[in-house]
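Asks: One file is attached below, entry-v3.pdb, containing PDB, C-alpha atoms, pLDDT in the B column.
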MODEL        1
ATOM      1  CA  MET L 522       0.000   0.000   0.000  1.00 93.00           C
ATOM      2  CA  ARG L 523       1.262   3.460  -0.891  1.00 96.00           C
ATOM      3  CA  LEU L 524       0.278   5.996   1.798  1.00 97.00           C
ATOM      4  CA  VAL L 525       0.968   9.685   1.083  1.00 97.00           C
ATOM      5  CA  THR L 526       0.422  12.796   3.199  1.00 96.00           C
ATOM      6  CA  PHE L 527       0.735  16.143   1.441  1.00 90.00           C
ATOM      7  CA  ASN L 528       0.331  19.758   2.561  1.00 90.00           C
ATOM      8  CA  ILE L 529      -0.923  21.115  -0.766  1.00 87.00           C
ATOM      9  CA  LEU L 530      -0.705  24.835   0.136  1.00 79.00           C
ATOM     10  CA  HIS L 531      -4.258  25.179  -1.320  1.00 67.00           C
ATOM     11  CA  GLY L 532      -2.962  23.649  -4.566  1.00 65.00           C
ATOM     12  CA  LYS L 533      -0.256  26.226  -5.246  1.00 65.00           C
ATOM     13  CA  SER L 534       3.102  25.074  -6.596  1.00 58.00           C
ATOM     14  CA  SER L 535       5.996  25.460  -4.182  1.00 57.00           C
ATOM     15  CA  THR L 536       8.598  24.981  -6.922  1.00 56.00           C
ATOM     16  CA  ASP L 537       7.313  26.868  -9.981  1.00 57.00           C
ATOM     17  CA  PRO L 538       8.342  30.555  -9.491  1.00 59.00           C
ATOM     18  CA  GLU L 539       5.794  31.779 -12.058  1.00 61.00           C
ATOM     19  CA  GLU L 540       2.944  29.955 -10.369  1.00 55.00           C
ATOM     20  CA  ARG L 541       4.102  31.021  -6.894  1.00 55.00           C
ATOM     21  CA  ALA L 542       3.902  34.649  -8.025  1.00 56.00           C
ATOM     22  CA  LYS L 543       0.292  34.234  -9.194  1.00 58.00           C
ATOM     23  CA  GLU L 544      -2.679  34.373  -6.865  1.00 59.00           C
ATOM     24  CA  GLU L 545      -4.477  31.537  -8.617  1.00 66.00           C
ATOM     25  CA  VAL L 546      -3.749  27.825  -8.632  1.00 78.00           C
ATOM     26  CA  SER L 547      -3.269  25.584 -11.687  1.00 84.00           C
ATOM     27  CA  VAL L 548      -5.840  22.877 -11.027  1.00 89.00           C
ATOM     28  CA  SER L 549      -4.496  20.769 -13.913  1.00 89.00           C
ATOM     29  CA  THR L 550      -0.952  20.893 -12.477  1.00 88.00           C
ATOM     30  CA  PHE L 551      -2.334  19.873  -9.080  1.00 89.00           C
ATOM     31  CA  ALA L 552      -4.177  16.911 -10.660  1.00 94.00           C
ATOM     32  CA  SER L 553      -1.088  15.767 -12.565  1.00 93.00           C
ATOM     33  CA  ILE L 554       1.023  15.854  -9.374  1.00 92.00           C
ATOM     34  CA  ILE L 555      -1.537  13.708  -7.530  1.00 95.00           C
ATOM     35  CA  ALA L 556      -1.599  11.241 -10.448  1.00 97.00           C
ATOM     36  CA  GLU L 557       2.218  11.116 -10.454  1.00 96.00           C
ATOM     37  CA  LEU L 558       2.286  10.390  -6.709  1.00 95.00           C
ATOM     38  CA  ASN L 559      -0.005   7.411  -7.432  1.00 97.00           C
ATOM     39  CA  PRO L 560      -1.206   6.959  -3.821  1.00 98.00           C
ATOM     40  CA  ASP L 561      -3.521   4.231  -2.543  1.00 98.00           C
ATOM     41  CA  VAL L 562      -4.387   6.403   0.475  1.00 98.00           C
ATOM     42  CA  LEU L 563      -3.858  10.161   0.438  1.00 98.00           C
ATOM     43  CA  ALA L 564      -4.114  12.618   3.351  1.00 98.00           C
ATOM     44  CA  LEU L 565      -4.226  16.280   2.289  1.00 97.00           C
ATOM     45  CA  GLN L 566      -3.811  19.445   4.350  1.00 95.00           C
ATOM     46  CA  GLU L 567      -4.625  23.070   3.387  1.00 92.00           C
ATOM     47  CA  VAL L 568      -7.315  22.017   0.915  1.00 94.00           C
ATOM     48  CA  ASP L 569      -9.545  24.554  -0.881  1.00 92.00           C
ATOM     49  CA  ARG L 570     -13.174  24.048  -1.793  1.00 92.00           C
ATOM     50  CA  ASP L 571     -14.944  26.729  -3.829  1.00 91.00           C
ATOM     51  CA  GLN L 572     -12.188  29.322  -3.241  1.00 89.00           C
ATOM     52  CA  HIS L 573     -11.504  32.026  -5.828  1.00 85.00           C
ATOM     53  CA  ARG L 574      -7.728  31.362  -5.774  1.00 83.00           C
ATOM     54  CA  SER L 575      -8.321  27.760  -6.935  1.00 86.00           C
ATOM     55  CA  GLN L 576     -10.940  28.632  -9.591  1.00 86.00           C
ATOM     56  CA  HIS L 577     -13.781  27.607  -7.244  1.00 89.00           C
ATOM     57  CA  SER L 578     -12.657  23.975  -7.635  1.00 91.00           C
ATOM     58  CA  ASP L 579     -13.251  21.204  -5.149  1.00 94.00           C
ATOM     59  CA  LEU L 580      -9.601  20.145  -4.800  1.00 95.00           C
ATOM     60  CA  THR L 581     -10.633  16.962  -2.970  1.00 96.00           C
ATOM     61  CA  ALA L 582     -12.748  15.901  -5.959  1.00 96.00           C
ATOM     62  CA  VAL L 583      -9.897  16.835  -8.340  1.00 96.00           C
ATOM     63  CA  ALA L 584      -7.473  14.674  -6.338  1.00 97.00           C
ATOM     64  CA  ALA L 585     -10.001  11.818  -6.114  1.00 98.00           C
ATOM     65  CA  GLU L 586     -10.378  11.736  -9.880  1.00 98.00           C
ATOM     66  CA  ALA L 587      -6.611  11.980 -10.446  1.00 98.00           C
ATOM     67  CA  MET L 588      -5.875   8.983  -8.203  1.00 98.00           C
ATOM     68  CA  ASN L 589      -9.046   6.962  -8.962  1.00 98.00           C
ATOM     69  CA  ALA L 590     -10.192   7.118  -5.329  1.00 98.00           C
ATOM     70  CA  VAL L 591     -13.390   5.242  -4.531  1.00 98.00           C
ATOM     71  CA  SER L 592     -13.768   6.948  -1.146  1.00 98.00           C
ATOM     72  CA  HIS L 593     -12.940  10.476  -0.123  1.00 98.00           C
ATOM     73  CA  ARG L 594     -13.941  13.012   2.493  1.00 97.00           C
ATOM     74  CA  PHE L 595     -13.269  16.748   2.747  1.00 95.00           C
ATOM     75  CA  VAL L 596     -13.542  18.259   6.231  1.00 96.00           C
ATOM     76  CA  ALA L 597     -13.710  22.031   6.523  1.00 94.00           C
ATOM     77  CA  ALA L 598     -11.696  23.726   9.258  1.00 93.00           C
ATOM     78  CA  LEU L 599     -12.681  27.207   8.033  1.00 90.00           C
ATOM     79  CA  SER L 600     -15.867  28.381   6.382  1.00 90.00           C
ATOM     80  CA  GLY L 601     -15.320  31.372   4.102  1.00 87.00           C
ATOM     81  CA  THR L 602     -12.044  32.650   2.681  1.00 79.00           C
ATOM     82  CA  PRO L 603      -8.803  32.477   4.725  1.00 72.00           C
ATOM     83  CA  GLY L 604      -7.296  35.926   5.161  1.00 69.00           C
ATOM     84  CA  ALA L 605     -10.654  37.575   4.396  1.00 76.00           C
ATOM     85  CA  THR L 606     -14.084  36.809   5.836  1.00 80.00           C
ATOM     86  CA  TRP L 607     -14.118  33.422   7.527  1.00 81.00           C
ATOM     87  CA  MET L 608     -15.188  31.596  10.678  1.00 85.00           C
ATOM     88  CA  ALA L 609     -14.500  28.248  12.256  1.00 84.00           C
ATOM     89  CA  ALA L 610     -16.341  25.516  10.360  1.00 89.00           C
ATOM     90  CA  THR L 611     -19.054  23.640  12.215  1.00 86.00           C
ATOM     91  CA  GLY L 612     -19.557  20.640   9.949  1.00 85.00           C
ATOM     92  CA  THR L 613     -22.872  21.989   8.660  1.00 84.00           C
ATOM     93  CA  GLU L 614     -21.344  23.778   5.649  1.00 82.00           C
ATOM     94  CA  GLN L 615     -23.147  23.191   2.369  1.00 76.00           C
ATOM     95  CA  PRO L 616     -21.657  22.409  -1.064  1.00 75.00           C
ATOM     96  CA  GLY L 617     -21.044  25.675  -2.888  1.00 80.00           C
ATOM     97  CA  GLU L 618     -19.846  27.458   0.273  1.00 86.00           C
ATOM     98  CA  ALA L 619     -16.195  28.495   0.268  1.00 91.00           C
ATOM     99  CA  ALA L 620     -14.253  26.361   2.731  1.00 92.00           C
ATOM    100  CA  TYR L 621     -10.691  25.366   3.623  1.00 91.00           C
ATOM    101  CA  GLY L 622      -9.583  22.249   5.463  1.00 94.00           C
ATOM    102  CA  ILE L 623      -8.271  18.714   5.129  1.00 97.00           C
ATOM    103  CA  ALA L 624      -9.146  15.630   3.110  1.00 97.00           C
ATOM    104  CA  LEU L 625      -8.652  11.891   3.199  1.00 98.00           C
ATOM    105  CA  LEU L 626      -8.885   9.860  -0.026  1.00 98.00           C
ATOM    106  CA  SER L 627      -8.593   6.141  -0.696  1.00 98.00           C
ATOM    107  CA  ARG L 628      -8.642   3.590  -3.507  1.00 98.00           C
ATOM    108  CA  TYR L 629     -10.112   1.223  -0.915  1.00 98.00           C
ATOM    109  CA  PRO L 630     -13.770   1.549   0.120  1.00 98.00           C
ATOM    110  CA  ALA L 631     -14.330   3.324   3.446  1.00 98.00           C
ATOM    111  CA  ARG L 632     -16.509   1.452   5.933  1.00 98.00           C
ATOM    112  CA  SER L 633     -16.734   4.406   8.297  1.00 98.00           C
ATOM    113  CA  TRP L 634     -15.476   7.957   8.848  1.00 97.00           C
ATOM    114  CA  ASN L 635     -14.666   9.871  12.030  1.00 97.00           C
ATOM    115  CA  VAL L 636     -14.231  13.657  12.321  1.00 96.00           C
ATOM    116  CA  ILE L 637     -12.808  15.406  15.390  1.00 95.00           C
ATOM    117  CA  ARG L 638     -12.838  19.182  15.789  1.00 94.00           C
ATOM    118  CA  LEU L 639      -9.752  20.053  17.837  1.00 92.00           C
ATOM    119  CA  PRO L 640      -9.748  22.774  20.517  1.00 89.00           C
ATOM    120  CA  ASN L 641      -8.340  26.195  19.640  1.00 82.00           C
ATOM    121  CA  VAL L 642      -5.017  27.400  20.974  1.00 80.00           C
ATOM    122  CA  ALA L 643      -6.099  30.245  23.259  1.00 81.00           C
ATOM    123  CA  ALA L 644      -3.073  32.538  23.059  1.00 86.00           C
ATOM    124  CA  PRO L 645      -1.430  34.074  19.982  1.00 86.00           C
ATOM    125  CA  PHE L 646       2.016  32.732  19.138  1.00 83.00           C
ATOM    126  CA  PRO L 647       5.025  34.113  17.212  1.00 87.00           C
ATOM    127  CA  MET L 648       5.414  33.190  13.536  1.00 82.00           C
ATOM    128  CA  TRP L 649       8.198  34.199  11.148  1.00 84.00           C
ATOM    129  CA  LEU L 650       6.901  35.703   7.892  1.00 78.00           C
ATOM    130  CA  SER L 651       9.358  35.726   5.003  1.00 76.00           C
ATOM    131  CA  GLU L 652       7.390  38.684   3.601  1.00 74.00           C
ATOM    132  CA  PRO L 653       7.904  41.272   5.252  1.00 81.00           C
ATOM    133  CA  ARG L 654      10.785  39.371   6.956  1.00 86.00           C
ATOM    134  CA  LYS L 655       9.718  39.755  10.562  1.00 89.00           C
ATOM    135  CA  TRP L 656       8.111  37.979  13.489  1.00 91.00           C
ATOM    136  CA  VAL L 657       4.404  38.596  14.076  1.00 87.00           C
ATOM    137  CA  LEU L 658       1.921  37.331  16.652  1.00 87.00           C
ATOM    138  CA  VAL L 659      -0.810  35.224  15.044  1.00 82.00           C
ATOM    139  CA  HIS L 660      -3.921  33.470  16.270  1.00 80.00           C
ATOM    140  CA  GLU L 661      -4.180  29.766  15.529  1.00 82.00           C
ATOM    141  CA  GLU L 662      -6.626  28.694  12.836  1.00 83.00           C
ATOM    142  CA  PRO L 663      -9.244  26.086  13.752  1.00 88.00           C
ATOM    143  CA  ARG L 664      -8.013  22.504  13.387  1.00 91.00           C
ATOM    144  CA  VAL L 665      -9.799  19.265  12.514  1.00 95.00           C
ATOM    145  CA  CYS L 666      -8.919  15.594  12.173  1.00 96.00           C
ATOM    146  CA  VAL L 667     -10.461  12.927   9.923  1.00 97.00           C
ATOM    147  CA  SER L 668      -9.958   9.174   9.993  1.00 97.00           C
ATOM    148  CA  ALA L 669     -11.502   6.251   8.163  1.00 98.00           C
ATOM    149  CA  CYS L 670     -11.809   2.513   8.507  1.00 97.00           C
ATOM    150  CA  LEU L 671     -10.919   1.128   5.069  1.00 97.00           C
ATOM    151  CA  ASP L 672     -11.555  -2.289   3.525  1.00 93.00           C
TER     152      ASP L 672
ENDMDL
END
Is it possible to express this structure as structure tokens?
Replies:
Amino acid sequence: MRLVTFNILHGKSSTDPEERAKEEVSVSTFASIIAELNPDVLALQEVDRDQHRSQHSDLTAVAAEAMNAVSHRFVAALSGTPGATWMAATGTEQPGEAAYGIALLSRYPARSWNVIRLPNVAAPFPMWLSEPRKWVLVHEEPRVCVSACLD
């Protein structure tokens, strides 16, 4: 079994300087990378659904098609657009609502799924930002966890 975990940075290339400079994501490049990885089970972090920067794509569905997954689940951590108007996701978000979170995909059928919404970190913490090259205090984003029992 080939198990892959991948922080997809909302689908943006971390190696292509031209794509890094753009606001939008190449969904076709993202799909080809997933196909090249050829995973049996794939865990994704920083996943967009219906976000402008990823052409309002469902990146979980794009990845599922690219790897021929028979089971997949997107779990929103944020509802809305990160860096703009957003709130912690509740699990009641509807398709067509902008969301950001994690996903679990599998070529094996899922018998069951489990989602855990993790508690927030109460205090801000220091984070180094390469642009504008300084430390800033940030508040933690909401976190979630998803697991599955696979055949």
Asks: Quick check on the file I pasted: which residues fall under the PyMOL selection byres ((chain L and resi 630) around 7)? Write them as a VMD selection string.
Replies: chain L and resid 591 to 592 627 to 629 631 to 632 671 to 672
Asks: Limited to C-alpha atoms, could you put the picked residues into a file as a PDB file, in the coordinates of the input?
Replies:
ATOM      1  CA  VAL L 591     -13.390   5.242  -4.531  1.00 98.00           C
ATOM      2  CA  SER L 592     -13.768   6.948  -1.146  1.00 98.00           C
ATOM      3  CA  SER L 627      -8.593   6.141  -0.696  1.00 98.00           C
ATOM      4  CA  ARG L 628      -8.642   3.590  -3.507  1.00 98.00           C
ATOM      5  CA  TYR L 629     -10.112   1.223  -0.915  1.00 98.00           C
ATOM      6  CA  ALA L 631     -14.330   3.324   3.446  1.00 98.00           C
ATOM      7  CA  ARG L 632     -16.509   1.452   5.933  1.00 98.00           C
ATOM      8  CA  LEU L 671     -10.919   1.128   5.069  1.00 97.00           C
ATOM      9  CA  ASP L 672     -11.555  -2.289   3.525  1.00 93.00           C
TER      10      ASP L 672
END
Asks: List the residues matched by the PyMOL selection byres ((chain L and resi 551) around 10) in the displayed structure as a VMD selection string, ordered by chain and then by residue number.
Replies: chain L and resid 529 531 to 534 546 to 550 552 to 557 580 583 to 584 587
Asks: Keeping only C-alpha atoms, write those residues as a PDB file, keeping the file's coordinate frame.
Replies:
ATOM      1  CA  ILE L 529      -0.923  21.115  -0.766  1.00 87.00           C
ATOM      2  CA  HIS L 531      -4.258  25.179  -1.320  1.00 67.00           C
ATOM      3  CA  GLY L 532      -2.962  23.649  -4.566  1.00 65.00           C
ATOM      4  CA  LYS L 533      -0.256  26.226  -5.246  1.00 65.00           C
ATOM      5  CA  SER L 534       3.102  25.074  -6.596  1.00 58.00           C
ATOM      6  CA  VAL L 546      -3.749  27.825  -8.632  1.00 78.00           C
ATOM      7  CA  SER L 547      -3.269  25.584 -11.687  1.00 84.00           C
ATOM      8  CA  VAL L 548      -5.840  22.877 -11.027  1.00 89.00           C
ATOM      9  CA  SER L 549      -4.496  20.769 -13.913  1.00 89.00           C
ATOM     10  CA  THR L 550      -0.952  20.893 -12.477  1.00 88.00           C
ATOM     11  CA  ALA L 552      -4.177  16.911 -10.660  1.00 94.00           C
ATOM     12  CA  SER L 553      -1.088  15.767 -12.565  1.00 93.00           C
ATOM     13  CA  ILE L 554       1.023  15.854  -9.374  1.00 92.00           C
ATOM     14  CA  ILE L 555      -1.537  13.708  -7.530  1.00 95.00           C
ATOM     15  CA  ALA L 556      -1.599  11.241 -10.448  1.00 97.00           C
ATOM     16  CA  GLU L 557       2.218  11.116 -10.454  1.00 96.00           C
ATOM     17  CA  LEU L 580      -9.601  20.145  -4.800  1.00 95.00           C
ATOM     18  CA  VAL L 583      -9.897  16.835  -8.340  1.00 96.00           C
ATOM     19  CA  ALA L 584      -7.473  14.674  -6.338  1.00 97.00           C
ATOM     20  CA  ALA L 587      -6.611  11.980 -10.446  1.00 98.00           C
TER      21      ALA L 587
END
Asks: What's the 7 Å shell around Ala585 in chain L, counting only C-alpha atoms, without same-chain residues fewer than 5 positions away, as number ranges by chain?
Replies: L: 590, 593, 626
Asks: Could you check the closest approach to Gly617 in chain L for each of L:Glu662, L:Asp579, L:Asp571, L:Glu652 and tell me which residue wins, using all atoms listed in the file?
Replies: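 Smallest distance to Gly617 in chain L is found for L:Asp571.
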Asks: Choose the residue, out of L:Leu565, L:Leu530, L:His573, L:Pro645, that has the smallest atom-to-atom separation from Val667 in chain L; count all atoms listed in the file.
Replies: L:Leu565
Asks: To one decimal in Å, tell me the separation between CA of Trp634 in chain L and CA of Cys670 in chain L.
Replies: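 That distance, rounded to one decimal, is 6.6 Å.
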Asks: What does the distance between CA of Ala620 in chain L and CA of Thr526 in chain L come to in Å, to one decimal place?
Replies: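 Distance reported for this atom pair: 20.0 Å.
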Asks: Let me make sure I understand: among L:Ala605, L:Glu661, L:Val568, L:Val596, which one has the smallest atom-to-atom distance to Asn635 in chain L if we use all atoms listed in the file?
Replies: L:Val596
Asks: I need the residue nearest Arg594 in chain L from this list: L:Leu558, L:Met522, L:Cys666, L:Ala643. Use all atoms listed in the file for the distance.
Replies: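 Counting all atoms listed in the file, the residue closest to Arg594 in chain L is L:Cys666.
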Asks: Kindly indicate which residue among L:Phe527, L:Phe646, L:Trp656, L:Tyr621 lies nearest to Ser578 in chain L, using only C-alpha atoms for the distances.
Replies: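 Ranking L:Phe527, L:Phe646, L:Trp656, L:Tyr621 by distance to Ser578 in chain L, first place goes to L:Tyr621.
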Asks: Which distance in Å separates CA of Pro663 in chain L and CA of Arg523 in chain L, to one decimal?
Replies: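 Answer for the CA of Pro663 in chain L to CA of Arg523 in chain L separation: 28.9 Å.
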Asks: To test the calculation: enclose all listed atoms of range 609-625 of chain L in a box whose edges run along x, y and z, add 8 Å on each side, then state centre and edge lengths in Å to one decimal, as AutoDock Vina command-line options.
Replies:
--center_x -15.7 --center_y 20.2 --center_z 4.7 --size_x 30.9 --size_y 32.6 --size_z 31.1
Asks: When the PyMOL selection byres ((chain L and resi 609-611) around 9) is applied to the file above, which residues end up in the set, as a PyMOL selection string?
Replies: chain L and resi 596-601+607-608+612-614+620-622+638+662-664
Asks: Return the single residue from L:Ser668, L:Asp561, L:Ser575, L:Leu524 that is closest to Ala624 in chain L, with distances computed using all atoms listed in the file.
Replies: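 Of the candidates, the smallest distance to Ala624 in chain L is held by L:Ser668.
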Asks: Counting only C-alpha atoms, what is within 10 Å of Ala644 in chain L, bar same-chain residues fewer than 3 positions away, as a VMD selection string?
Replies: chain L and resid 641 658 to 661
Asks: Is it possible to produce a file of range 589-615 of chain L from this structure, with N, CA and C atoms, as an mmCIF file, in the first residue's frame?
Replies:
data_model
loop_
_atom_site.group_PDB
_atom_site.id
_atom_site.type_symbol
_atom_site.label_atom_id
_atom_site.label_comp_id
_atom_site.auth_asym_id
_atom_site.auth_seq_id
_atom_site.Cartn_x
_atom_site.Cartn_y
_atom_site.Cartn_z
ATOM 1 N N ASN L 589 -8.018 8.007 -8.879
ATOM 2 C CA ASN L 589 -9.046 6.962 -8.962
ATOM 3 C C ASN L 589 -9.499 6.494 -7.587
ATOM 4 N N ALA L 590 -9.721 7.446 -6.675
ATOM 5 C CA ALA L 590 -10.192 7.118 -5.329
ATOM 6 C C ALA L 590 -11.653 6.692 -5.377
ATOM 7 N N VAL L 591 -11.988 5.670 -4.626
ATOM 8 C CA VAL L 591 -13.390 5.242 -4.531
ATOM 9 C C VAL L 591 -14.059 5.832 -3.297
ATOM 10 N N SER L 592 -13.254 6.313 -2.356
ATOM 11 C CA SER L 592 -13.768 6.948 -1.146
ATOM 12 C C SER L 592 -12.963 8.209 -0.883
ATOM 13 N N HIS L 593 -13.658 9.267 -0.523
ATOM 14 C CA HIS L 593 -12.940 10.476 -0.123
ATOM 15 C C HIS L 593 -13.847 11.337 0.733
ATOM 16 N N ARG L 594 -13.199 12.131 1.600
ATOM 17 C CA ARG L 594 -13.941 13.012 2.493
ATOM 18 C C ARG L 594 -13.150 14.295 2.686
ATOM 19 N N PHE L 595 -13.810 15.427 2.437
ATOM 20 C CA PHE L 595 -13.269 16.748 2.747
ATOM 21 C C PHE L 595 -13.875 17.171 4.073
ATOM 22 N N VAL L 596 -13.053 17.732 4.956
ATOM 23 C CA VAL L 596 -13.542 18.259 6.231
ATOM 24 C C VAL L 596 -13.071 19.697 6.350
ATOM 25 N N ALA L 597 -14.030 20.608 6.425
ATOM 26 C CA ALA L 597 -13.710 22.031 6.523
ATOM 27 C C ALA L 597 -13.232 22.375 7.933
ATOM 28 N N ALA L 598 -12.140 23.125 8.000
ATOM 29 C CA ALA L 598 -11.696 23.726 9.258
ATOM 30 C C ALA L 598 -12.203 25.165 9.327
ATOM 31 N N LEU L 599 -12.208 25.826 8.154
ATOM 32 C CA LEU L 599 -12.681 27.207 8.033
ATOM 33 C C LEU L 599 -13.815 27.264 7.028
ATOM 34 N N SER L 600 -14.795 28.082 7.324
ATOM 35 C CA SER L 600 -15.867 28.381 6.382
ATOM 36 C C SER L 600 -15.670 29.821 5.939
ATOM 37 N N GLY L 601 -15.627 30.046 4.633
ATOM 38 C CA GLY L 601 -15.320 31.372 4.102
ATOM 39 C C GLY L 601 -13.941 31.351 3.471
ATOM 40 N N THR L 602 -13.329 32.524 3.352
ATOM 41 C CA THR L 602 -12.044 32.650 2.681
ATOM 42 C C THR L 602 -10.948 33.006 3.678
ATOM 43 N N PRO L 603 -9.899 32.150 3.818
ATOM 44 C CA PRO L 603 -8.803 32.477 4.725
ATOM 45 C C PRO L 603 -8.183 33.828 4.366
ATOM 46 N N GLY L 604 -7.883 34.609 5.382
ATOM 47 C CA GLY L 604 -7.296 35.926 5.161
ATOM 48 C C GLY L 604 -8.324 36.994 4.846
ATOM 49 N N ALA L 605 -9.580 36.609 4.686
ATOM 50 C CA ALA L 605 -10.654 37.575 4.396
ATOM 51 C C ALA L 605 -11.767 37.330 5.415
ATOM 52 N N THR L 606 -12.957 37.069 4.939
ATOM 53 C CA THR L 606 -14.084 36.809 5.836
ATOM 54 C C THR L 606 -14.228 35.304 6.030
ATOM 55 N N TRP L 607 -13.988 34.837 7.243
ATOM 56 C CA TRP L 607 -14.118 33.422 7.527
ATOM 57 C C TRP L 607 -14.479 33.220 8.985
ATOM 58 N N MET L 608 -14.922 31.996 9.305
ATOM 59 C CA MET L 608 -15.188 31.596 10.678
ATOM 60 C C MET L 608 -14.853 30.118 10.816
ATOM 61 N N ALA L 609 -14.760 29.671 12.035
ATOM 62 C CA ALA L 609 -14.500 28.248 12.256
ATOM 63 C C ALA L 609 -15.652 27.444 11.664
ATOM 64 N N ALA L 610 -15.317 26.382 10.947
ATOM 65 C CA ALA L 610 -16.341 25.516 10.360
ATOM 66 C C ALA L 610 -17.030 24.726 11.469
ATOM 67 N N THR L 611 -18.270 24.383 11.223
ATOM 68 C CA THR L 611 -19.054 23.640 12.215
ATOM 69 C C THR L 611 -19.384 22.226 11.771
ATOM 70 N N GLY L 612 -19.169 21.938 10.487
ATOM 71 C CA GLY L 612 -19.557 20.640 9.949
ATOM 72 C C GLY L 612 -20.906 20.688 9.259
ATOM 73 N N THR L 613 -21.568 21.847 9.311
ATOM 74 C CA THR L 613 -22.872 21.989 8.660
ATOM 75 C C THR L 613 -22.775 22.774 7.366
ATOM 76 N N GLU L 614 -21.538 23.024 6.886
ATOM 77 C CA GLU L 614 -21.344 23.778 5.649
ATOM 78 C C GLU L 614 -21.972 23.019 4.482
ATOM 79 N N GLN L 615 -22.482 23.764 3.528
ATOM 80 C CA GLN L 615 -23.147 23.191 2.369
ATOM 81 C C GLN L 615 -22.232 23.239 1.151
#
